[in-house]
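For reference, the structure is listed below as structure tokens.
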Amino acid sequence: MLYRRFGRTELQMPVFSCGGMRYQYKWQDVALKSIPADNQANLEATIARSLKVGINHIETARGYGSSEMQLGQVLHQFPREKLIIQTKTSPKENVKEFRKTIEQSLAHLKLDYIDLFGMHGINTDEILQWVVRPGGCMEVIRDLQQQGKIRHVGFSTHAANPQVIVRACETGQFDYVNLHWYYINQRNWDAVAAATRQDMGVFIISPSDKGGMLYSPPQRLVDLCAPLSPIVFNDLFCLSHPQIHTLSVGAARPQDFDEHLKTLELIDRANEVLPPILQRLESAAIDRLGEDWYKTWHVGLPTHDETPGRLNIPVVLWLWNLAIAFDLTEYAAMRYNLLGQASHWFPGAKVNEIDVNSLKPYLTNSPHADKILTILQKAHDLLSGKDVKRLSET
């Protein structure tokens, strides 16, 4: 395993982390006695495998149902000082409720302290203010830090607007950030740069799942990433940037680490291995999308908050691009059908929910205003389907 300094926490962080949202029994709190023995045995085997290969960062959340409680049954088997345990709780306007959820996490995990605590889902400026305002959630964390129950504080984010993440980093109150950034979605680079300026640790959320469902890639993407698998290519792409410290592996079983581990021997050769693949991917996208669209499709687009009906035009066009350029249609459809399902987690409407012609005045700054309305309709026709539930709703 390779390790990187996790910003000002000074922790030596493995470049892969064991994310805890796929091996738990339920997405809801359940009684311990209701957890099947084979499910708990699988979780324990997954953690044992993680630690055996040097992945000593175990990441979970209060919102991951039974994950914390199930981890609490196994963590005591390992030397506490060798573990980096992270959990997350969503900020609340009511700080008493916020404190109560943290205490619940500590009780489930059976830990005296948490190495890394994350504010889960700073996705809007309003939620950021719940944290940093006088008397807000951060004051609860500072109190728990003084008690020795929390060592470092950060935040996770799925913000639609990268500037929300930048503003959160620039408060100077956070030691690390969990965010999305990988080959198919590089919109948050300004946020990564802001975190780097603050000497914050940078944790990449779900690069193999949210990064394209790379565990079941289309053949076109397999061919374009050769001789690497899409998973190894994406891992190497992320880790070739020293500003990125660790990538989450959402392991559901012990063997889910294996493909990722192939990346380790390539990191020192990234400058040699990546350029031919990157060039091939770009050429393939240009071939199907056209060079002008590929390079400028995003210019001058309104945000979902500026658009009638809150249509998330940038996201819809991005998903269309992925489906057309790389045959990532299954992934794009999954993401498209999540729009509007969970407020600030997946903001925006779908195309059929608005009058498309009402968008015309809002596209005047786009060099592609004459074709966007047609592409939006084509995207809906290609990607629409049954409503998709978030994992936490299954």
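How things are named: the first chain in the structure tokens is A, the next is B, and so on; residues count from 1 in each chain; ligands count from 1 in the order shown.
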Exercise for the section: Considering only C-alpha atoms, return as a PyMOL selection string whatever protein or nucleic-acid residues lie within 10 Å of Ile372 in chain A, sequence-local ones (same chain, fewer than 6 positions apart) excluded. Expected result: chain A and resi 297+313+317+356+359-360+363+366+378
Would you mind exporting C-alpha atoms of the selected residues as a PDB file, in the first residue's frame?
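Everything below was put into selection.pdb:
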ATOM      1  CA  TRP A 297     -20.662  22.578 -24.761  1.00  0.00           C
ATOM      2  CA  ILE A 313     -29.064  21.767 -18.153  1.00  0.00           C
ATOM      3  CA  LEU A 317     -25.925  17.652 -21.423  1.00  0.00           C
ATOM      4  CA  VAL A 356     -38.413  23.407 -23.148  1.00  0.00           C
ATOM      5  CA  LEU A 359     -35.360  28.023 -21.904  1.00  0.00           C
ATOM      6  CA  LYS A 360     -34.492  30.044 -24.992  1.00  0.00           C
ATOM      7  CA  LEU A 363     -29.238  30.214 -23.448  1.00  0.00           C
ATOM      8  CA  SER A 366     -24.116  29.634 -25.061  1.00  0.00           C
ATOM      9  CA  LYS A 378     -32.921  13.676 -27.439  1.00  0.00           C
TER      10      LYS A 378
END
Practice task
Tell me which protein, DNA and RNA residues are within 12 Å of Glu10 in chain A, counting only C-alpha atoms, leaving out same-chain ones fewer than 6 positions away, and put them as a list in words.
Solution key: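 Those residues are Tyr3, Arg4, Ile84, Asp115, Leu116, Arg151, His152, Asp175, Tyr176, Asp199, Met200, Gly201 and His245 of chain A.
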Export N, CA and C atoms of the chosen residues as a compact mmCIF listing (two decimals), in the first residue's frame?
# COMPACT_ATOMS: atom_id res chain seq x y z
N TYR A 3 0.96 5.43 0.85
CA TYR A 3 0.32 6.36 1.78
C TYR A 3 0.69 7.79 1.41
N ARG A 4 -0.23 8.71 1.66
CA ARG A 4 0.01 10.13 1.43
C ARG A 4 -0.39 10.93 2.66
N ILE A 84 -7.73 4.25 11.14
CA ILE A 84 -8.23 5.61 10.91
C ILE A 84 -9.72 5.46 10.65
N ASP A 115 -11.42 9.40 14.55
CA ASP A 115 -10.26 10.09 13.98
C ASP A 115 -10.68 11.23 13.07
N LEU A 116 -11.65 10.95 12.20
CA LEU A 116 -12.11 11.92 11.22
C LEU A 116 -13.63 12.01 11.28
N ARG A 151 -11.07 13.96 16.62
CA ARG A 151 -9.72 14.48 16.41
C ARG A 151 -9.65 15.50 15.27
N HIS A 152 -10.25 15.18 14.12
CA HIS A 152 -10.20 16.10 12.98
C HIS A 152 -11.59 16.21 12.38
N ASP A 175 -10.53 20.36 8.12
CA ASP A 175 -9.23 19.72 7.93
C ASP A 175 -9.18 18.87 6.66
N TYR A 176 -10.32 18.50 6.13
CA TYR A 176 -10.33 17.66 4.93
C TYR A 176 -11.69 17.78 4.25
N ASP A 199 -4.38 23.41 2.86
CA ASP A 199 -3.68 22.23 3.37
C ASP A 199 -4.66 21.22 3.95
N MET A 200 -5.75 21.00 3.23
CA MET A 200 -6.77 20.04 3.65
C MET A 200 -6.51 18.69 2.98
N GLY A 201 -6.90 17.62 3.65
CA GLY A 201 -6.90 16.32 3.02
C GLY A 201 -7.99 16.26 1.95
N HIS A 245 -5.49 12.59 -2.27
CA HIS A 245 -4.81 11.76 -1.28
C HIS A 245 -5.36 10.34 -1.17
Handout entry: Residues near range 324-327 of chain A, cut-off 9 Å, only C-alpha atoms, skip fewer than 4 positions along chain, as a list in words
Key =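 My reading of the contact set: Pro217, Pro218, Gln219, Arg220, Leu221, Leu224, Leu281, Ala284, Ala285, Ile286, Asp287, Arg288, Leu289, Leu319 and Trp320 of chain A.
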Give me, as an mmCIF file with C-alpha atoms, in the first residue's frame, all polymer residues having an atom no more than 9 Å from range 203-211 of chain A, counting only C-alpha atoms and skipping those fewer than 5 positions away in the same chain.
data_model
loop_
_atom_site.group_PDB
_atom_site.id
_atom_site.type_symbol
_atom_site.label_atom_id
_atom_site.label_comp_id
_atom_site.auth_asym_id
_atom_site.auth_seq_id
_atom_site.Cartn_x
_atom_site.Cartn_y
_atom_site.Cartn_z
ATOM 1 C CA PHE A 6 -3.666 13.752 4.517
ATOM 2 C CA SER A 17 -10.016 3.864 1.617
ATOM 3 C CA GLY A 19 -15.961 2.948 2.174
ATOM 4 C CA SER A 156 -18.470 15.692 2.431
ATOM 5 C CA TYR A 176 -10.335 17.656 4.930
ATOM 6 C CA VAL A 177 -13.021 17.277 2.267
ATOM 7 C CA ASN A 178 -14.812 14.313 0.634
ATOM 8 C CA LEU A 179 -15.853 15.295 -2.897
ATOM 9 C CA HIS A 180 -16.442 14.014 -6.423
ATOM 10 C CA TRP A 181 -13.654 14.317 -8.988
ATOM 11 C CA TYR A 182 -12.593 11.746 -11.575
ATOM 12 C CA TYR A 183 -12.081 11.393 -15.312
ATOM 13 C CA ILE A 184 -15.683 11.793 -16.455
ATOM 14 C CA ASN A 185 -16.427 14.614 -14.002
ATOM 15 C CA PRO A 230 -11.548 1.285 -16.722
ATOM 16 C CA ILE A 231 -11.254 0.994 -12.922
ATOM 17 C CA ASN A 234 -9.658 6.015 -13.446
ATOM 18 C CA ASP A 235 -7.768 5.268 -10.220
ATOM 19 C CA CYS A 238 -6.980 10.479 -9.994
ATOM 20 C CA ILE A 244 -5.619 13.819 -4.357
ATOM 21 C CA HIS A 245 -4.814 11.765 -1.275
ATOM 22 C CA THR A 246 -7.226 8.817 -1.193
ATOM 23 C CA LEU A 247 -9.945 7.154 -3.277
ATOM 24 C CA SER A 248 -12.935 5.421 -1.770
ATOM 25 C CA VAL A 249 -13.435 1.752 -2.594
ATOM 26 C CA GLY A 250 -17.042 0.933 -1.775
ATOM 27 C CA TYR A 331 -24.791 5.041 -16.117
ATOM 28 C CA ARG A 335 -28.044 9.461 -12.990
#
I'd like to know which residues of range 233-361 of chain A are helix (DSSP H, G or I) (by DSSP, run on the backbone); could you write them as a JSON list (two decimals) with N, CA and C atoms, in the first residue's frame?
[["chain", "number", "residue", "atom", "x", "y", "z"],
["A", 233, "PHE", "N", -7.61, 2.55, -14.85],
["A", 233, "PHE", "CA", -7.36, 3.82, -15.54],
["A", 233, "PHE", "C", -7.85, 4.99, -14.69],
["A", 234, "ASN", "N", -9.09, 4.90, -14.21],
["A", 234, "ASN", "CA", -9.66, 6.02, -13.45],
["A", 234, "ASN", "C", -8.92, 6.23, -12.13],
["A", 235, "ASP", "N", -8.56, 5.14, -11.45],
["A", 235, "ASP", "CA", -7.77, 5.27, -10.22],
["A", 235, "ASP", "C", -6.44, 5.97, -10.51],
["A", 236, "LEU", "N", -5.77, 5.52, -11.57],
["A", 236, "LEU", "CA", -4.47, 6.09, -11.90],
["A", 236, "LEU", "C", -4.61, 7.55, -12.31],
["A", 237, "PHE", "N", -5.64, 7.87, -13.06],
["A", 237, "PHE", "CA", -5.89, 9.26, -13.44],
["A", 237, "PHE", "C", -6.01, 10.14, -12.20],
["A", 238, "CYS", "N", -6.81, 9.69, -11.22],
["A", 238, "CYS", "CA", -6.98, 10.48, -9.99],
["A", 238, "CYS", "C", -5.67, 10.59, -9.21],
["A", 239, "LEU", "N", -5.02, 9.47, -8.99],
["A", 239, "LEU", "CA", -3.84, 9.46, -8.12],
["A", 239, "LEU", "C", -2.60, 10.03, -8.79],
["A", 254, "PRO", "N", -14.87, -9.02, 0.17],
["A", 254, "PRO", "CA", -13.41, -8.92, 0.30],
["A", 254, "PRO", "C", -12.68, -8.75, -1.03],
["A", 255, "GLN", "N", -13.11, -9.41, -2.09],
["A", 255, "GLN", "CA", -12.37, -9.38, -3.35],
["A", 255, "GLN", "C", -12.55, -8.08, -4.13],
["A", 256, "ASP", "N", -13.42, -7.18, -3.64],
["A", 256, "ASP", "CA", -13.65, -5.93, -4.38],
["A", 256, "ASP", "C", -12.45, -4.99, -4.36],
["A", 257, "PHE", "N", -11.47, -5.25, -3.53],
["A", 257, "PHE", "CA", -10.26, -4.43, -3.52],
["A", 257, "PHE", "C", -9.29, -4.82, -4.63],
["A", 258, "ASP", "N", -9.41, -6.03, -5.14],
["A", 258, "ASP", "CA", -8.33, -6.62, -5.95],
["A", 258, "ASP", "C", -8.01, -5.81, -7.20],
["A", 259, "GLU", "N", -9.02, -5.40, -7.94],
["A", 259, "GLU", "CA", -8.75, -4.67, -9.19],
["A", 259, "GLU", "C", -8.08, -3.32, -8.89],
["A", 260, "HIS", "N", -8.51, -2.66, -7.84],
["A", 260, "HIS", "CA", -7.92, -1.37, -7.48],
["A", 260, "HIS", "C", -6.43, -1.50, -7.13],
["A", 261, "LEU", "N", -6.07, -2.59, -6.48],
["A", 261, "LEU", "CA", -4.68, -2.77, -6.04],
["A", 261, "LEU", "C", -3.71, -2.85, -7.22],
["A", 264, "LEU", "N", -1.42, 0.28, -7.92],
["A", 264, "LEU", "CA", -0.29, 0.71, -7.09],
["A", 264, "LEU", "C", 1.04, 0.66, -7.84],
["A", 265, "GLU", "N", 1.27, -0.40, -8.61],
["A", 265, "GLU", "CA", 2.56, -0.54, -9.29],
["A", 265, "GLU", "C", 2.69, 0.40, -10.49],
["A", 266, "LEU", "N", 1.61, 1.11, -10.84],
["A", 266, "LEU", "CA", 1.63, 1.99, -12.00],
["A", 266, "LEU", "C", 1.79, 3.46, -11.65],
["A", 267, "ILE", "N", 1.63, 3.81, -10.38],
["A", 267, "ILE", "CA", 1.58, 5.22, -10.01],
["A", 267, "ILE", "C", 2.85, 5.96, -10.41],
["A", 268, "ASP", "N", 3.99, 5.35, -10.23],
["A", 268, "ASP", "CA", 5.25, 6.01, -10.60],
["A", 268, "ASP", "C", 5.43, 6.12, -12.11],
["A", 269, "ARG", "N", 4.61, 5.39, -12.87],
["A", 269, "ARG", "CA", 4.71, 5.42, -14.33],
["A", 269, "ARG", "C", 3.51, 6.11, -14.97],
["A", 270, "ALA", "N", 2.76, 6.86, -14.18],
["A", 270, "ALA", "CA", 1.53, 7.48, -14.69],
["A", 270, "ALA", "C", 1.80, 8.38, -15.90],
["A", 271, "ASN", "N", 2.89, 9.12, -15.88],
["A", 271, "ASN", "CA", 3.20, 10.03, -16.99],
["A", 271, "ASN", "C", 3.50, 9.29, -18.28],
["A", 272, "GLU", "N", 3.82, 8.04, -18.17],
["A", 272, "GLU", "CA", 4.07, 7.21, -19.35],
["A", 272, "GLU", "C", 2.81, 6.47, -19.79],
["A", 273, "VAL", "N", 2.06, 5.97, -18.82],
["A", 273, "VAL", "CA", 0.93, 5.09, -19.13],
["A", 273, "VAL", "C", -0.33, 5.87, -19.53],
["A", 274, "LEU", "N", -0.59, 7.00, -18.91],
["A", 274, "LEU", "CA", -1.85, 7.70, -19.10],
["A", 274, "LEU", "C", -2.00, 8.44, -20.44],
["A", 275, "PRO", "N", -0.99, 9.16, -20.92],
["A", 275, "PRO", "CA", -1.21, 10.00, -22.10],
["A", 275, "PRO", "C", -1.81, 9.30, -23.32],
["A", 276, "PRO", "N", -1.36, 8.09, -23.70],
["A", 276, "PRO", "CA", -1.99, 7.45, -24.87],
["A", 276, "PRO", "C", -3.48, 7.16, -24.66],
["A", 277, "ILE", "N", -3.84, 6.77, -23.43],
["A", 277, "ILE", "CA", -5.25, 6.47, -23.15],
["A", 277, "ILE", "C", -6.08, 7.76, -23.15],
["A", 278, "LEU", "N", -5.54, 8.81, -22.55],
["A", 278, "LEU", "CA", -6.25, 10.08, -22.53],
["A", 278, "LEU", "C", -6.47, 10.61, -23.94],
["A", 279, "GLN", "N", -5.47, 10.49, -24.79],
["A", 279, "GLN", "CA", -5.59, 10.93, -26.17],
["A", 279, "GLN", "C", -6.65, 10.11, -26.92],
["A", 280, "ARG", "N", -6.66, 8.81, -26.67],
["A", 280, "ARG", "CA", -7.63, 7.94, -27.33],
["A", 280, "ARG", "C", -9.06, 8.29, -26.90],
["A", 281, "LEU", "N", -9.24, 8.53, -25.61],
["A", 281, "LEU", "CA", -10.56, 8.89, -25.10],
["A", 281, "LEU", "C", -11.03, 10.21, -25.70],
["A", 282, "GLU", "N", -10.16, 11.19, -25.74],
["A", 282, "GLU", "CA", -10.53, 12.48, -26.31],
["A", 282, "GLU", "C", -10.87, 12.37, -27.79],
["A", 283, "SER", "N", -10.05, 11.64, -28.53],
["A", 283, "SER", "CA", -10.31, 11.48, -29.97],
["A", 283, "SER", "C", -11.63, 10.76, -30.21],
["A", 284, "ALA", "N", -11.93, 9.76, -29.38],
["A", 284, "ALA", "CA", -13.18, 9.03, -29.53],
["A", 284, "ALA", "C", -14.38, 9.92, -29.24],
["A", 285, "ALA", "N", -14.27, 10.78, -28.23],
["A", 285, "ALA", "CA", -15.36, 11.69, -27.90],
["A", 285, "ALA", "C", -15.56, 12.71, -29.01],
["A", 286, "ILE", "N", -14.47, 13.25, -29.54],
["A", 286, "ILE", "CA", -14.57, 14.23, -30.62],
["A", 286, "ILE", "C", -15.17, 13.59, -31.87],
["A", 287, "ASP", "N", -14.80, 12.36, -32.12],
["A", 287, "ASP", "CA", -15.31, 11.66, -33.29],
["A", 287, "ASP", "C", -16.83, 11.56, -33.27],
["A", 288, "ARG", "N", -17.40, 11.36, -32.09],
["A", 288, "ARG", "CA", -18.86, 11.19, -32.00],
["A", 288, "ARG", "C", -19.61, 12.49, -31.70],
["A", 289, "LEU", "N", -18.97, 13.40, -30.99],
["A", 289, "LEU", "CA", -19.65, 14.63, -30.57],
["A", 289, "LEU", "C", -19.32, 15.83, -31.44],
["A", 291, "GLU", "N", -15.72, 18.31, -32.53],
["A", 291, "GLU", "CA", -14.72, 19.01, -31.72],
["A", 291, "GLU", "C", -15.26, 20.27, -31.07],
["A", 292, "ASP", "N", -16.04, 21.05, -31.80],
["A", 292, "ASP", "CA", -16.55, 22.30, -31.26],
["A", 292, "ASP", "C", -17.44, 22.05, -30.05],
["A", 293, "TRP", "N", -18.38, 21.08, -30.20],
["A", 293, "TRP", "CA", -19.26, 20.75, -29.07],
["A", 293, "TRP", "C", -18.45, 20.18, -27.90],
["A", 294, "TYR", "N", -17.54, 19.27, -28.18],
["A", 294, "TYR", "CA", -16.75, 18.63, -27.13],
["A", 294, "TYR", "C", -16.02, 19.66, -26.28],
["A", 295, "LYS", "N", -15.49, 20.69, -26.92],
["A", 295, "LYS", "CA", -14.65, 21.65, -26.20],
["A", 295, "LYS", "C", -15.43, 22.81, -25.59],
["A", 296, "THR", "N", -16.65, 23.06, -26.05],
["A", 296, "THR", "CA", -17.34, 24.28, -25.60],
["A", 296, "THR", "C", -18.78, 24.05, -25.17],
["A", 304, "HIS", "N", -29.09, 25.32, -12.50],
["A", 304, "HIS", "CA", -30.48, 24.88, -12.33],
["A", 304, "HIS", "C", -31.30, 25.91, -11.56],
["A", 305, "ASP", "N", -30.65, 26.68, -10.67],
["A", 305, "ASP", "CA", -31.37, 27.70, -9.91],
["A", 305, "ASP", "C", -31.75, 28.90, -10.78],
["A", 306, "GLU", "N", -31.09, 29.05, -11.92],
["A", 306, "GLU", "CA", -31.36, 30.18, -12.82],
["A", 306, "GLU", "C", -32.31, 29.81, -13.96],
["A", 308, "PRO", "N", -35.88, 28.14, -15.67],
["A", 308, "PRO", "CA", -37.30, 27.86, -15.42],
["A", 308, "PRO", "C", -37.53, 26.38, -15.13],
["A", 309, "GLY", "N", -38.26, 26.11, -14.07],
["A", 309, "GLY", "CA", -38.51, 24.72, -13.69],
["A", 309, "GLY", "C", -37.31, 24.03, -13.08],
["A", 310, "ARG", "N", -36.21, 24.74, -12.91],
["A", 310, "ARG", "CA", -34.98, 24.23, -12.31],
["A", 310, "ARG", "C", -34.42, 23.04, -13.09],
["A", 313, "ILE", "N", -29.56, 21.89, -16.78],
["A", 313, "ILE", "CA", -29.06, 21.77, -18.15],
["A", 313, "ILE", "C", -27.64, 21.23, -18.20],
["A", 314, "PRO", "N", -26.70, 21.75, -17.40],
["A", 314, "PRO", "CA", -25.33, 21.21, -17.49],
["A", 314, "PRO", "C", -25.26, 19.71, -17.23],
["A", 315, "VAL", "N", -26.01, 19.22, -16.26],
["A", 315, "VAL", "CA", -25.97, 17.80, -15.94],
["A", 315, "VAL", "C", -26.60, 16.97, -17.06],
["A", 316, "VAL", "N", -27.71, 17.41, -17.59],
["A", 316, "VAL", "CA", -28.36, 16.65, -18.66],
["A", 316, "VAL", "C", -27.45, 16.56, -19.89],
["A", 317, "LEU", "N", -26.82, 17.67, -20.26],
["A", 317, "LEU", "CA", -25.93, 17.65, -21.42],
["A", 317, "LEU", "C", -24.68, 16.81, -21.15],
["A", 318, "TRP", "N", -24.18, 16.87, -19.93],
["A", 318, "TRP", "CA", -23.02, 16.05, -19.55],
["A", 318, "TRP", "C", -23.35, 14.57, -19.68],
["A", 319, "LEU", "N", -24.51, 14.17, -19.20],
["A", 319, "LEU", "CA", -24.91, 12.77, -19.29],
["A", 319, "LEU", "C", -25.12, 12.35, -20.74],
["A", 320, "TRP", "N", -25.69, 13.23, -21.54],
["A", 320, "TRP", "CA", -25.83, 12.96, -22.98],
["A", 320, "TRP", "C", -24.46, 12.72, -23.61],
["A", 321, "ASN", "N", -23.51, 13.57, -23.28],
["A", 321, "ASN", "CA", -22.15, 13.42, -23.83],
["A", 321, "ASN", "C", -21.56, 12.06, -23.48],
["A", 322, "LEU", "N", -21.72, 11.64, -22.23],
["A", 322, "LEU", "CA", -21.15, 10.36, -21.80],
["A", 322, "LEU", "C", -21.80, 9.19, -22.54],
["A", 323, "ALA", "N", -23.10, 9.26, -22.72],
["A", 323, "ALA", "CA", -23.80, 8.19, -23.41],
["A", 323, "ALA", "C", -23.36, 8.10, -24.87],
["A", 324, "ILE", "N", -23.24, 9.24, -25.53],
["A", 324, "ILE", "CA", -22.88, 9.25, -26.94],
["A", 324, "ILE", "C", -21.40, 8.94, -27.15],
["A", 325, "ALA", "N", -20.54, 9.59, -26.36],
["A", 325, "ALA", "CA", -19.10, 9.47, -26.58],
["A", 325, "ALA", "C", -18.55, 8.11, -26.19],
["A", 326, "PHE", "N", -19.01, 7.57, -25.06],
["A", 326, "PHE", "CA", -18.38, 6.37, -24.50],
["A", 326, "PHE", "C", -19.34, 5.19, -24.29],
["A", 329, "THR", "N", -24.40, 4.66, -21.47],
["A", 329, "THR", "CA", -25.83, 4.93, -21.46],
["A", 329, "THR", "C", -26.49, 4.45, -20.18],
["A", 330, "GLU", "N", -26.10, 3.28, -19.70],
["A", 330, "GLU", "CA", -26.71, 2.76, -18.46],
["A", 330, "GLU", "C", -26.41, 3.68, -17.29],
["A", 331, "TYR", "N", -25.16, 4.11, -17.19],
["A", 331, "TYR", "CA", -24.79, 5.04, -16.12],
["A", 331, "TYR", "C", -25.55, 6.35, -16.27],
["A", 332, "ALA", "N", -25.55, 6.91, -17.48],
["A", 332, "ALA", "CA", -26.20, 8.20, -17.70],
["A", 332, "ALA", "C", -27.69, 8.12, -17.39],
["A", 333, "ALA", "N", -28.34, 7.04, -17.77],
["A", 333, "ALA", "CA", -29.77, 6.88, -17.48],
["A", 333, "ALA", "C", -30.02, 6.80, -15.98],
["A", 334, "MET", "N", -29.16, 6.07, -15.27],
["A", 334, "MET", "CA", -29.31, 5.97, -13.83],
["A", 334, "MET", "C", -29.22, 7.35, -13.18],
["A", 335, "ARG", "N", -28.22, 8.13, -13.58],
["A", 335, "ARG", "CA", -28.04, 9.46, -12.99],
["A", 335, "ARG", "C", -29.17, 10.41, -13.40],
["A", 336, "TYR", "N", -29.59, 10.32, -14.66],
["A", 336, "TYR", "CA", -30.65, 11.22, -15.14],
["A", 336, "TYR", "C", -31.94, 10.98, -14.37],
["A", 343, "SER", "N", -33.86, 16.42, -3.31],
["A", 343, "SER", "CA", -33.57, 17.84, -3.05],
["A", 343, "SER", "C", -32.14, 18.20, -3.42],
["A", 344, "HIS", "N", -31.37, 18.66, -2.44],
["A", 344, "HIS", "CA", -30.03, 19.18, -2.75],
["A", 344, "HIS", "C", -29.01, 18.09, -3.06],
["A", 345, "TRP", "N", -29.35, 16.82, -2.90],
["A", 345, "TRP", "CA", -28.42, 15.76, -3.26],
["A", 345, "TRP", "C", -28.40, 15.51, -4.77],
["A", 351, "VAL", "N", -36.27, 16.76, -18.27],
["A", 351, "VAL", "CA", -36.67, 17.58, -19.41],
["A", 351, "VAL", "C", -38.18, 17.58, -19.60],
["A", 352, "ASN", "N", -38.84, 16.45, -19.39],
["A", 352, "ASN", "CA", -40.28, 16.36, -19.63],
["A", 352, "ASN", "C", -41.11, 17.11, -18.60],
["A", 353, "GLU", "N", -40.46, 17.62, -17.56],
["A", 353, "GLU", "CA", -41.18, 18.31, -16.49],
["A", 353, "GLU", "C", -41.29, 19.81, -16.72],
["A", 356, "VAL", "N", -39.77, 23.23, -22.64],
["A", 356, "VAL", "CA", -38.41, 23.41, -23.15],
["A", 356, "VAL", "C", -38.24, 24.76, -23.84],
["A", 357, "ASN", "N", -39.28, 25.24, -24.53],
["A", 357, "ASN", "CA", -39.17, 26.51, -25.24],
["A", 357, "ASN", "C", -38.95, 27.69, -24.30],
["A", 358, "SER", "N", -39.32, 27.52, -23.03],
["A", 358, "SER", "CA", -39.12, 28.61, -22.06],
["A", 358, "SER", "C", -37.65, 28.83, -21.74],
["A", 359, "LEU", "N", -36.79, 27.91, -22.19],
["A", 359, "LEU", "CA", -35.36, 28.02, -21.90],
["A", 359, "LEU", "C", -34.63, 28.97, -22.84],
["A", 360, "LYS", "N", -35.21, 29.29, -23.96],
["A", 360, "LYS", "CA", -34.49, 30.04, -24.99],
["A", 360, "LYS", "C", -33.83, 31.32, -24.47],
["A", 361, "PRO", "N", -34.52, 32.15, -23.68],
["A", 361, "PRO", "CA", -33.88, 33.40, -23.21],
["A", 361, "PRO", "C", -32.69, 33.16, -22.28]]
Practice task
Please report, as a list of chain:residue names, each residue of range 177-392 of chain A to which DSSP assigns strand (DSSP E or B) when run on this structure's backbone.
Solution key: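 Here are the strand (DSSP E or B) residues of range 177-392 of chain A: A:Val177, A:Asn178, A:Leu179, A:Tyr182, A:Asn185, A:Gly201, A:Val202, A:Phe203, A:Ile204, A:Thr246, A:Leu247, A:Ser248, A:Val249, A:Leu311, A:Ala349.
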Prev. selection, N, CA and C atoms, output as a PDB file, in the first residue's frame:
ATOM      1  N   VAL A 177     -11.773  17.269   3.017  1.00  0.00           N
ATOM      2  CA  VAL A 177     -13.021  17.277   2.267  1.00  0.00           C
ATOM      3  C   VAL A 177     -13.184  15.957   1.523  1.00  0.00           C
ATOM      4  N   ASN A 178     -14.420  15.438   1.493  1.00  0.00           N
ATOM      5  CA  ASN A 178     -14.812  14.313   0.634  1.00  0.00           C
ATOM      6  C   ASN A 178     -15.610  14.906  -0.525  1.00  0.00           C
ATOM      7  N   LEU A 179     -15.129  14.732  -1.760  1.00  0.00           N
ATOM      8  CA  LEU A 179     -15.853  15.295  -2.897  1.00  0.00           C
ATOM      9  C   LEU A 179     -15.729  14.390  -4.119  1.00  0.00           C
ATOM     10  N   TYR A 182     -13.179  12.899 -10.878  1.00  0.00           N
ATOM     11  CA  TYR A 182     -12.593  11.746 -11.575  1.00  0.00           C
ATOM     12  C   TYR A 182     -12.656  12.034 -13.063  1.00  0.00           C
ATOM     13  N   ASN A 185     -15.851  13.446 -14.671  1.00  0.00           N
ATOM     14  CA  ASN A 185     -16.427  14.614 -14.002  1.00  0.00           C
ATOM     15  C   ASN A 185     -15.327  15.376 -13.270  1.00  0.00           C
ATOM     16  N   GLY A 201      -6.898  17.621   3.649  1.00  0.00           N
ATOM     17  CA  GLY A 201      -6.899  16.318   3.020  1.00  0.00           C
ATOM     18  C   GLY A 201      -7.987  16.263   1.953  1.00  0.00           C
ATOM     19  N   VAL A 202      -7.750  15.501   0.879  1.00  0.00           N
ATOM     20  CA  VAL A 202      -8.725  15.388  -0.213  1.00  0.00           C
ATOM     21  C   VAL A 202      -9.035  13.917  -0.449  1.00  0.00           C
ATOM     22  N   PHE A 203     -10.289  13.562  -0.235  1.00  0.00           N
ATOM     23  CA  PHE A 203     -10.823  12.205  -0.345  1.00  0.00           C
ATOM     24  C   PHE A 203     -11.804  12.203  -1.509  1.00  0.00           C
ATOM     25  N   ILE A 204     -11.621  11.305  -2.473  1.00  0.00           N
ATOM     26  CA  ILE A 204     -12.507  11.237  -3.624  1.00  0.00           C
ATOM     27  C   ILE A 204     -13.607  10.204  -3.374  1.00  0.00           C
ATOM     28  N   THR A 246      -6.668  10.160  -1.332  1.00  0.00           N
ATOM     29  CA  THR A 246      -7.226   8.817  -1.193  1.00  0.00           C
ATOM     30  C   THR A 246      -8.510   8.693  -2.000  1.00  0.00           C
ATOM     31  N   LEU A 247      -8.753   7.470  -2.497  1.00  0.00           N
ATOM     32  CA  LEU A 247      -9.945   7.154  -3.277  1.00  0.00           C
ATOM     33  C   LEU A 247     -10.779   6.134  -2.509  1.00  0.00           C
ATOM     34  N   SER A 248     -12.066   6.356  -2.462  1.00  0.00           N
ATOM     35  CA  SER A 248     -12.935   5.421  -1.770  1.00  0.00           C
ATOM     36  C   SER A 248     -13.183   4.180  -2.614  1.00  0.00           C
ATOM     37  N   VAL A 249     -13.031   3.019  -1.994  1.00  0.00           N
ATOM     38  CA  VAL A 249     -13.435   1.752  -2.594  1.00  0.00           C
ATOM     39  C   VAL A 249     -14.665   1.286  -1.813  1.00  0.00           C
ATOM     40  N   LEU A 311     -34.520  23.096 -14.415  1.00  0.00           N
ATOM     41  CA  LEU A 311     -33.887  22.066 -15.228  1.00  0.00           C
ATOM     42  C   LEU A 311     -32.372  22.178 -15.088  1.00  0.00           C
ATOM     43  N   ALA A 349     -34.719  19.321 -12.371  1.00  0.00           N
ATOM     44  CA  ALA A 349     -35.829  18.564 -12.935  1.00  0.00           C
ATOM     45  C   ALA A 349     -35.367  17.775 -14.151  1.00  0.00           C
TER      46      ALA A 349
END
Exercise for the section: Considering only C-alpha atoms, state which residue in the set A:Met21, A:Glu103, A:Thr89, A:Ala369 is at the smallest distance from Leu71 in chain A. Expected result: A:Met21
